[in-house]
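Here's the structure, in structure tokens; my notes come after.
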Amino acid sequence: QVHLVESGGGLVQAGGSLRLSCAASGPSFSSWSSYIMGWFRQAPGKEREFVATISWINDNSYYADSVKGRFTASRDNPKNRMYLQMNSLKPEDTAVYYCAALRSLELTASPQDYDYWGQGTQVTVSS
């Protein structure tokens, strides 16, 4: 079983920045190179939507158009952590943000593909 724990959410004014962190652990994570990681978000009354995905073994990543140029996903392999740096935040970025993991070598933006999820962290951007 893989365990994911997000942190770093909070309240920020529009134009501000936050950095989310995702700590991963569990006996199944002995070989991180087999996994991809994703960031998703869900606003009240809306479906969960893709934000970013990144590979553990190389710099491959891609982003939703709505966050491209403002958000950056990164990873710290020795620490088993993934990060989402969010800059130039907008009120429409307000949502619960989740990290997710999938044992795969191909990046995917579909939340249905991911096997493991964190509990989420709230991000609120005030106007």
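Every chain in the structure tokens has a letter given in the order shown (A, B, ...), and although residue numbers restart at 1 in each chain, ligands are simply numbered from 1 in the order shown.
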Exercise: Gln13 in chain A partners within 7 Å, only C-alpha atoms, chain neighbours under 4 positions left out, as a PDB file with all heavy atoms, in the first residue's frame:
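So around_22.pdb came out as:
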```pdb
ATOM      1  N   VAL A 125      -7.754  31.106  -2.669  1.00  0.00           N
ATOM      2  CA  VAL A 125      -7.174  32.336  -3.206  1.00  0.00           C
ATOM      3  C   VAL A 125      -8.229  33.420  -3.149  1.00  0.00           C
ATOM      4  O   VAL A 125      -9.286  33.314  -3.782  1.00  0.00           O
ATOM      5  CB  VAL A 125      -6.687  32.135  -4.655  1.00  0.00           C
ATOM      6  CG1 VAL A 125      -5.993  33.412  -5.151  1.00  0.00           C
ATOM      7  CG2 VAL A 125      -5.749  30.945  -4.745  1.00  0.00           C
ATOM      8  N   SER A 126      -7.942  34.460  -2.383  1.00  0.00           N
ATOM      9  CA  SER A 126      -8.898  35.552  -2.243  1.00  0.00           C
ATOM     10  C   SER A 126      -8.623  36.637  -3.286  1.00  0.00           C
ATOM     11  O   SER A 126      -7.484  36.865  -3.681  1.00  0.00           O
ATOM     12  CB  SER A 126      -8.823  36.149  -0.835  1.00  0.00           C
ATOM     13  OG  SER A 126      -7.543  36.712  -0.610  1.00  0.00           O
ATOM     14  N   SER A 127      -9.702  37.306  -3.689  1.00  0.00           N
ATOM     15  CA  SER A 127      -9.553  38.340  -4.720  1.00  0.00           C
ATOM     16  C   SER A 127      -9.257  39.690  -4.117  1.00  0.00           C
ATOM     17  O   SER A 127      -9.332  39.877  -2.908  1.00  0.00           O
ATOM     18  CB  SER A 127     -10.825  38.420  -5.561  1.00  0.00           C
ATOM     19  OG  SER A 127     -11.931  38.661  -4.737  1.00  0.00           O
TER      20      SER A 127
END
```
Worksheet item: Near Gly120 in chain A, counting only C-alpha atoms, which residues have an atom at most 6 Å away, once you skip same-chain residues fewer than 4 positions from it, shown as number ranges by chain?
Response: A: 6, 96-98
Those same residues, written as a short mmCIF file (atom, residue, chain, number, x, y, z; two decimals), in the first residue's frame with N, CA and C atoms?
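Just written: result28.cif:
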```cif
data_model
loop_
_atom_site.label_atom_id
_atom_site.label_comp_id
_atom_site.auth_asym_id
_atom_site.auth_seq_id
_atom_site.Cartn_x
_atom_site.Cartn_y
_atom_site.Cartn_z
N GLU A 6 -0.41 15.18 1.54
CA GLU A 6 -0.17 16.52 1.04
C GLU A 6 -0.06 17.51 2.20
N VAL A 96 -9.53 21.96 -3.41
CA VAL A 96 -8.74 20.98 -2.67
C VAL A 96 -7.78 20.33 -3.67
N TYR A 97 -6.52 20.34 -3.33
CA TYR A 97 -5.48 19.79 -4.21
C TYR A 97 -5.05 18.42 -3.70
N TYR A 98 -4.94 17.48 -4.62
CA TYR A 98 -4.58 16.11 -4.30
C TYR A 98 -3.34 15.70 -5.08
#
```
Helix (DSSP H, G or I) call set, DSSP backbone run, range 68-126 of chain A, as a PDB file with N, CA, C and O atoms, in the first residue's frame:
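Here's the written file states-v4.pdb:
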```pdb
ATOM      1  N   ASN A  77      13.743  12.990  -5.213  1.00  0.00           N
ATOM      2  CA  ASN A  77      13.731  11.534  -5.137  1.00  0.00           C
ATOM      3  C   ASN A  77      14.274  10.981  -3.819  1.00  0.00           C
ATOM      4  O   ASN A  77      13.642  10.089  -3.235  1.00  0.00           O
ATOM      5  N   PRO A  78      15.421  11.460  -3.320  1.00  0.00           N
ATOM      6  CA  PRO A  78      15.926  10.889  -2.065  1.00  0.00           C
ATOM      7  C   PRO A  78      14.955  11.067  -0.899  1.00  0.00           C
ATOM      8  O   PRO A  78      14.946  10.259   0.020  1.00  0.00           O
ATOM      9  N   LYS A  79      14.159  12.125  -0.939  1.00  0.00           N
ATOM     10  CA  LYS A  79      13.216  12.392   0.153  1.00  0.00           C
ATOM     11  C   LYS A  79      11.834  11.809  -0.120  1.00  0.00           C
ATOM     12  O   LYS A  79      10.941  11.949   0.708  1.00  0.00           O
ATOM     13  N   PRO A  91      -8.220  33.535  -8.084  1.00  0.00           N
ATOM     14  CA  PRO A  91      -9.351  32.990  -7.294  1.00  0.00           C
ATOM     15  C   PRO A  91      -9.881  31.673  -7.869  1.00  0.00           C
ATOM     16  O   PRO A  91     -10.304  30.803  -7.092  1.00  0.00           O
ATOM     17  N   GLU A  92      -9.836  31.493  -9.165  1.00  0.00           N
ATOM     18  CA  GLU A  92     -10.313  30.247  -9.768  1.00  0.00           C
ATOM     19  C   GLU A  92      -9.407  29.053  -9.507  1.00  0.00           C
ATOM     20  O   GLU A  92      -9.759  27.922  -9.861  1.00  0.00           O
ATOM     21  N   ASP A  93      -8.263  29.281  -8.897  1.00  0.00           N
ATOM     22  CA  ASP A  93      -7.401  28.179  -8.471  1.00  0.00           C
ATOM     23  C   ASP A  93      -7.846  27.592  -7.131  1.00  0.00           C
ATOM     24  O   ASP A  93      -7.299  26.578  -6.689  1.00  0.00           O
ATOM     25  N   PRO A 111      -7.702  11.186 -14.015  1.00  0.00           N
ATOM     26  CA  PRO A 111      -7.698  10.776 -12.599  1.00  0.00           C
ATOM     27  C   PRO A 111      -8.104   9.319 -12.405  1.00  0.00           C
ATOM     28  O   PRO A 111      -7.678   8.683 -11.438  1.00  0.00           O
ATOM     29  N   GLN A 112      -8.893   8.790 -13.319  1.00  0.00           N
ATOM     30  CA  GLN A 112      -9.318   7.399 -13.185  1.00  0.00           C
ATOM     31  C   GLN A 112      -8.166   6.415 -13.313  1.00  0.00           C
ATOM     32  O   GLN A 112      -8.277   5.265 -12.890  1.00  0.00           O
ATOM     33  N   ASP A 113      -7.075   6.849 -13.889  1.00  0.00           N
ATOM     34  CA  ASP A 113      -5.935   5.956 -14.076  1.00  0.00           C
ATOM     35  C   ASP A 113      -5.114   5.769 -12.812  1.00  0.00           C
ATOM     36  O   ASP A 113      -4.388   4.786 -12.680  1.00  0.00           O
TER      37      ASP A 113
END
```
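Of the listed residues A:Gly118, A:Gly26, A:Gly10, A:Gly15, the one whose atoms come nearest to Arg70 in chain A is A:Gly15, with distances taken using only C-alpha atoms.
Using only C-alpha atoms, the residues found no farther than 10 Å from Gly69 in chain A, other than those of its own chain fewer than 3 positions away, are A:Tyr63, A:Ala64, A:Asp65, A:Ser66, A:Thr72, A:Met86, A:Asn87, A:Ser88.
Between Ala109 in chain A and the candidates A:Leu4, A:Leu18, A:Phe50, A:Phe40, the tightest atom-to-atom separation, counting only C-alpha atoms, involves A:Phe50.
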